[in-house]
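J.: One structure is given below, represented as structure tokens, and several questions about it will come after.
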Amino acid sequence: MKTFSATPADIDKKWILIDAEGVVLGRLASIVAMRLRGKHKPSFTPSMDMGDNVIIINAEKVQMTGKKRSDKRYYWHTGHPGGIKFRTAGEILEGKFPERVMVKAIQRMLPGGPLSKTQMTNLRVYAGSDHPHEAQNPEVLDVKAMNPKNTRSA
């Protein structure tokens, strides 16, 4: 037996559409990170970008369990002394770019390095339900039906 190692000719990328409305953020991010890396394929090769192209719609309607919407903080530094700032997840979701919460959650579930930066280019996140990728005929992946824990029971 020889170990299979994929080449660029072996890679088959699909387009996947995921509706994030009512889905728990962390569970959705782990599923999308796995799809972006290509770990769901039997021909997975760690050093190749063999993941699918993922489109996420309704990112502003994603759910969080517990008090994460008010307690989870996203920090940044301005570069000046004492310039640490933060916003809560709720403030970002209600702000101008609510899809950034989803992008950061997925990005932090990928391993750091040049390959994960390339894999992040295969992700498209939209706050609303409209997206300009109808020509690619994306397959719909129903994350809610995968596991009852994927949706938040308020």
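The way I read the labels, and the way they are meant: chains A, B, ... in the order of the structure tokens, residue 1 as the first residue of every chain, and ligand 1 as the first ligand shown, with later ones counted on from there.
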Quick one: residues within 8 Å of Leu115 in chain A, only C-alpha atoms, excluding same-chain residues fewer than 4 positions away - as an MDAnalysis selection string?

T.: chainID A and resid 47:49 119

J.: Keeping only C-alpha atoms, write the selected residues as a PDB file, in the first residue's frame.

T.:
```pdb
ATOM      1  CA  SER A  47      -0.361  20.496   2.201  1.00  0.00           C
ATOM      2  CA  MET A  48      -2.873  21.153  -0.618  1.00  0.00           C
ATOM      3  CA  ASP A  49      -5.772  23.579  -0.943  1.00  0.00           C
ATOM      4  CA  GLN A 119      -8.165  28.674   1.950  1.00  0.00           C
TER       5      GLN A 119
END
```

J.: If DSSP is run on the backbone, what residues of range 3-150 of chain A are alpha helix (DSSP H)? A reply as a compact mmCIF listing (two decimals) with C-alpha atoms, in the first residue's frame would be ideal.

T.:
```
# COMPACT_ATOMS: atom_id res chain seq x y z
CA LEU A 25 -21.89 30.24 15.55
CA GLY A 26 -19.19 27.84 16.80
CA ARG A 27 -20.82 24.72 15.39
CA LEU A 28 -21.26 26.36 11.99
CA ALA A 29 -17.69 27.69 12.01
CA SER A 30 -16.22 24.24 12.71
CA ILE A 31 -18.23 22.67 9.86
CA VAL A 32 -17.18 25.43 7.44
CA ALA A 33 -13.51 25.23 8.51
CA MET A 34 -13.54 21.49 7.83
CA ARG A 35 -15.08 22.10 4.37
CA LEU A 36 -12.55 24.84 3.54
CA ARG A 37 -9.62 22.56 4.38
CA LYS A 68 -21.69 35.33 24.48
CA ARG A 69 -23.54 38.04 22.56
CA SER A 70 -22.93 40.50 25.41
CA ASP A 71 -19.76 39.07 27.02
CA ALA A 89 -20.10 40.34 19.55
CA GLY A 90 -23.57 41.89 19.83
CA GLU A 91 -22.26 45.33 18.85
CA ILE A 92 -20.55 43.90 15.78
CA LEU A 93 -23.61 41.86 14.74
CA GLU A 99 -20.38 39.11 8.78
CA ARG A 100 -17.02 39.79 10.48
CA VAL A 101 -18.02 37.70 13.51
CA MET A 102 -18.50 34.67 11.25
CA VAL A 103 -15.27 35.30 9.32
CA LYS A 104 -13.19 35.61 12.51
CA ALA A 105 -14.69 32.45 14.02
CA ILE A 106 -13.85 30.44 10.89
CA GLN A 107 -10.41 32.00 10.47
CA PRO A 114 0.13 30.71 4.24
CA LEU A 115 -2.13 27.80 3.24
CA SER A 116 -4.96 28.86 5.54
CA LYS A 117 -4.82 32.38 4.09
CA THR A 118 -5.33 30.83 0.64
CA GLN A 119 -8.16 28.67 1.95
CA MET A 120 -9.90 31.74 3.41
CA VAL A 143 -26.48 22.48 8.84
CA LYS A 144 -29.66 22.61 10.95
CA ALA A 145 -30.62 19.07 9.92
CA MET A 146 -27.18 17.59 10.67
```

J.: For Gly22 in chain A, find every residue with an atom within 8 Å (counting only C-alpha atoms), except residues of its own chain fewer than 4 positions away, and show them as a VMD selection string.

T.: chain A and resid 61 to 63 151 to 152

J.: Generate the output file for the selected residues, N, CA and C atoms, as a PDB file, in the first residue's frame.

T.:
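Once written, out.pdb looks like this:
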```pdb
ATOM      1  N   LYS A  61     -27.886  36.772  11.236  1.00  0.00           N
ATOM      2  CA  LYS A  61     -28.907  36.080  12.026  1.00  0.00           C
ATOM      3  C   LYS A  61     -28.351  34.852  12.734  1.00  0.00           C
ATOM      4  N   VAL A  62     -27.034  34.754  12.867  1.00  0.00           N
ATOM      5  CA  VAL A  62     -26.413  33.626  13.550  1.00  0.00           C
ATOM      6  C   VAL A  62     -26.697  33.737  15.051  1.00  0.00           C
ATOM      7  N   GLN A  63     -26.765  32.596  15.721  1.00  0.00           N
ATOM      8  CA  GLN A  63     -27.087  32.564  17.147  1.00  0.00           C
ATOM      9  C   GLN A  63     -25.827  32.279  17.962  1.00  0.00           C
ATOM     10  N   THR A 151     -28.868  24.109  16.201  1.00  0.00           N
ATOM     11  CA  THR A 151     -29.749  25.254  16.321  1.00  0.00           C
ATOM     12  C   THR A 151     -29.915  25.591  17.787  1.00  0.00           C
ATOM     13  N   ARG A 152     -30.117  26.834  18.049  1.00  0.00           N
ATOM     14  CA  ARG A 152     -30.271  27.270  19.430  1.00  0.00           C
ATOM     15  C   ARG A 152     -31.715  27.142  19.833  1.00  0.00           C
TER      16      ARG A 152
END
```

J.: For Met64 in chain A, which residue out of A:Asp52, A:Tyr126, A:Ala135, A:Val24 is the nearest one, using only C-alpha atoms?

T.: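 Closest candidate: A:Val24.
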
J.: Go through A:Val125, A:Leu110, A:Lys85, A:Thr45 and flag the residue nearest Glu60 in chain A, using only C-alpha atoms for the distances.

T.: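 That would be A:Val125, the residue with the smallest distance to Glu60 in chain A.
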
J.: Of the candidates A:Met50, A:Ala6, A:Met1, A:Ile57, which one gets nearest to Leu141 in chain A if we count only C-alpha atoms?

T.: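 Among A:Met50, A:Ala6, A:Met1, A:Ile57, it is A:Ile57 that comes nearest to Leu141 in chain A.
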
J.: List the spatial neighbours of Arg87 in chain A as a list in words - criterion: any atom at most 10 Å away, only C-alpha atoms, same-chain residues fewer than 6 positions off excluded.

T.: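 Here the qualifying residues turn out to be Ser70, Asp71, Lys72, Arg73, Tyr74, Tyr75 and Trp76 of chain A.
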
J.: Can I get the selection written as a PDB file, in the first residue's frame, with C-alpha atoms?

T.:
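Written output follows (selection.pdb):
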```pdb
ATOM      1  CA  SER A  70     -22.934  40.495  25.409  1.00  0.00           C
ATOM      2  CA  ASP A  71     -19.762  39.066  27.023  1.00  0.00           C
ATOM      3  CA  LYS A  72     -17.590  37.937  24.069  1.00  0.00           C
ATOM      4  CA  ARG A  73     -15.141  40.699  23.185  1.00  0.00           C
ATOM      5  CA  TYR A  74     -13.123  41.344  20.042  1.00  0.00           C
ATOM      6  CA  TYR A  75      -9.963  43.331  20.849  1.00  0.00           C
ATOM      7  CA  TRP A  76      -7.652  45.463  18.714  1.00  0.00           C
TER       8      TRP A  76
END
```

J.: From chain A, collect each residue whose DSSP state is strand (DSSP E or B) and return the set as a PyMOL selection string.

T.: chain A and resi 15-19+23-24+53-57+63+73-77+84-88+123-125+139-140+151

J.: May I have the residues from that selection written out with C-alpha atoms, as a short mmCIF file (atom, residue, chain, number, x, y, z; two decimals), in the first residue's frame?

T.:
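Generated output (again-v9.cif):
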```cif
data_model
loop_
_atom_site.label_atom_id
_atom_site.label_comp_id
_atom_site.auth_asym_id
_atom_site.auth_seq_id
_atom_site.Cartn_x
_atom_site.Cartn_y
_atom_site.Cartn_z
CA TRP A 15 -19.60 25.29 -4.41
CA ILE A 16 -21.59 24.97 -1.19
CA LEU A 17 -24.32 27.31 0.07
CA ILE A 18 -25.05 27.47 3.83
CA ASP A 19 -27.86 29.42 5.47
CA VAL A 23 -27.50 28.20 13.64
CA VAL A 24 -25.03 28.32 16.56
CA ASN A 53 -15.83 27.12 -2.07
CA VAL A 54 -18.30 28.04 0.69
CA ILE A 55 -20.99 30.73 0.52
CA ILE A 56 -22.66 31.71 3.79
CA ILE A 57 -25.83 33.81 3.74
CA GLN A 63 -27.09 32.56 17.15
CA ARG A 73 -15.14 40.70 23.18
CA TYR A 74 -13.12 41.34 20.04
CA TYR A 75 -9.96 43.33 20.85
CA TRP A 76 -7.65 45.46 18.71
CA HIS A 77 -4.91 47.96 19.45
CA ILE A 84 -6.49 48.79 23.47
CA LYS A 85 -10.11 48.78 22.36
CA PHE A 86 -12.87 46.21 22.10
CA ARG A 87 -16.36 45.61 20.82
CA THR A 88 -18.75 42.93 21.98
CA LEU A 123 -15.03 31.70 1.75
CA ARG A 124 -17.74 34.25 0.94
CA VAL A 125 -19.91 35.57 3.77
CA GLU A 139 -25.21 22.82 -3.47
CA VAL A 140 -27.23 23.63 -0.37
CA THR A 151 -29.75 25.25 16.32
#
```

J.: Taking only C-alpha atoms into account, which of A:Thr121, A:Ala127, A:Thr65, A:Ala59 comes nearest Lys149 in chain A?

T.: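 With only C-alpha atoms as the atom set, the closest residue is A:Thr65.
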
J.: Taking only C-alpha atoms into account, name the residue in A:Gly128, A:Gly38, A:Pro8, A:Gly51 that is nearest to Ala20 in chain A.

T.: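 Looking only at the distances to Ala20 in chain A, the closest residue turns out to be A:Gly128.
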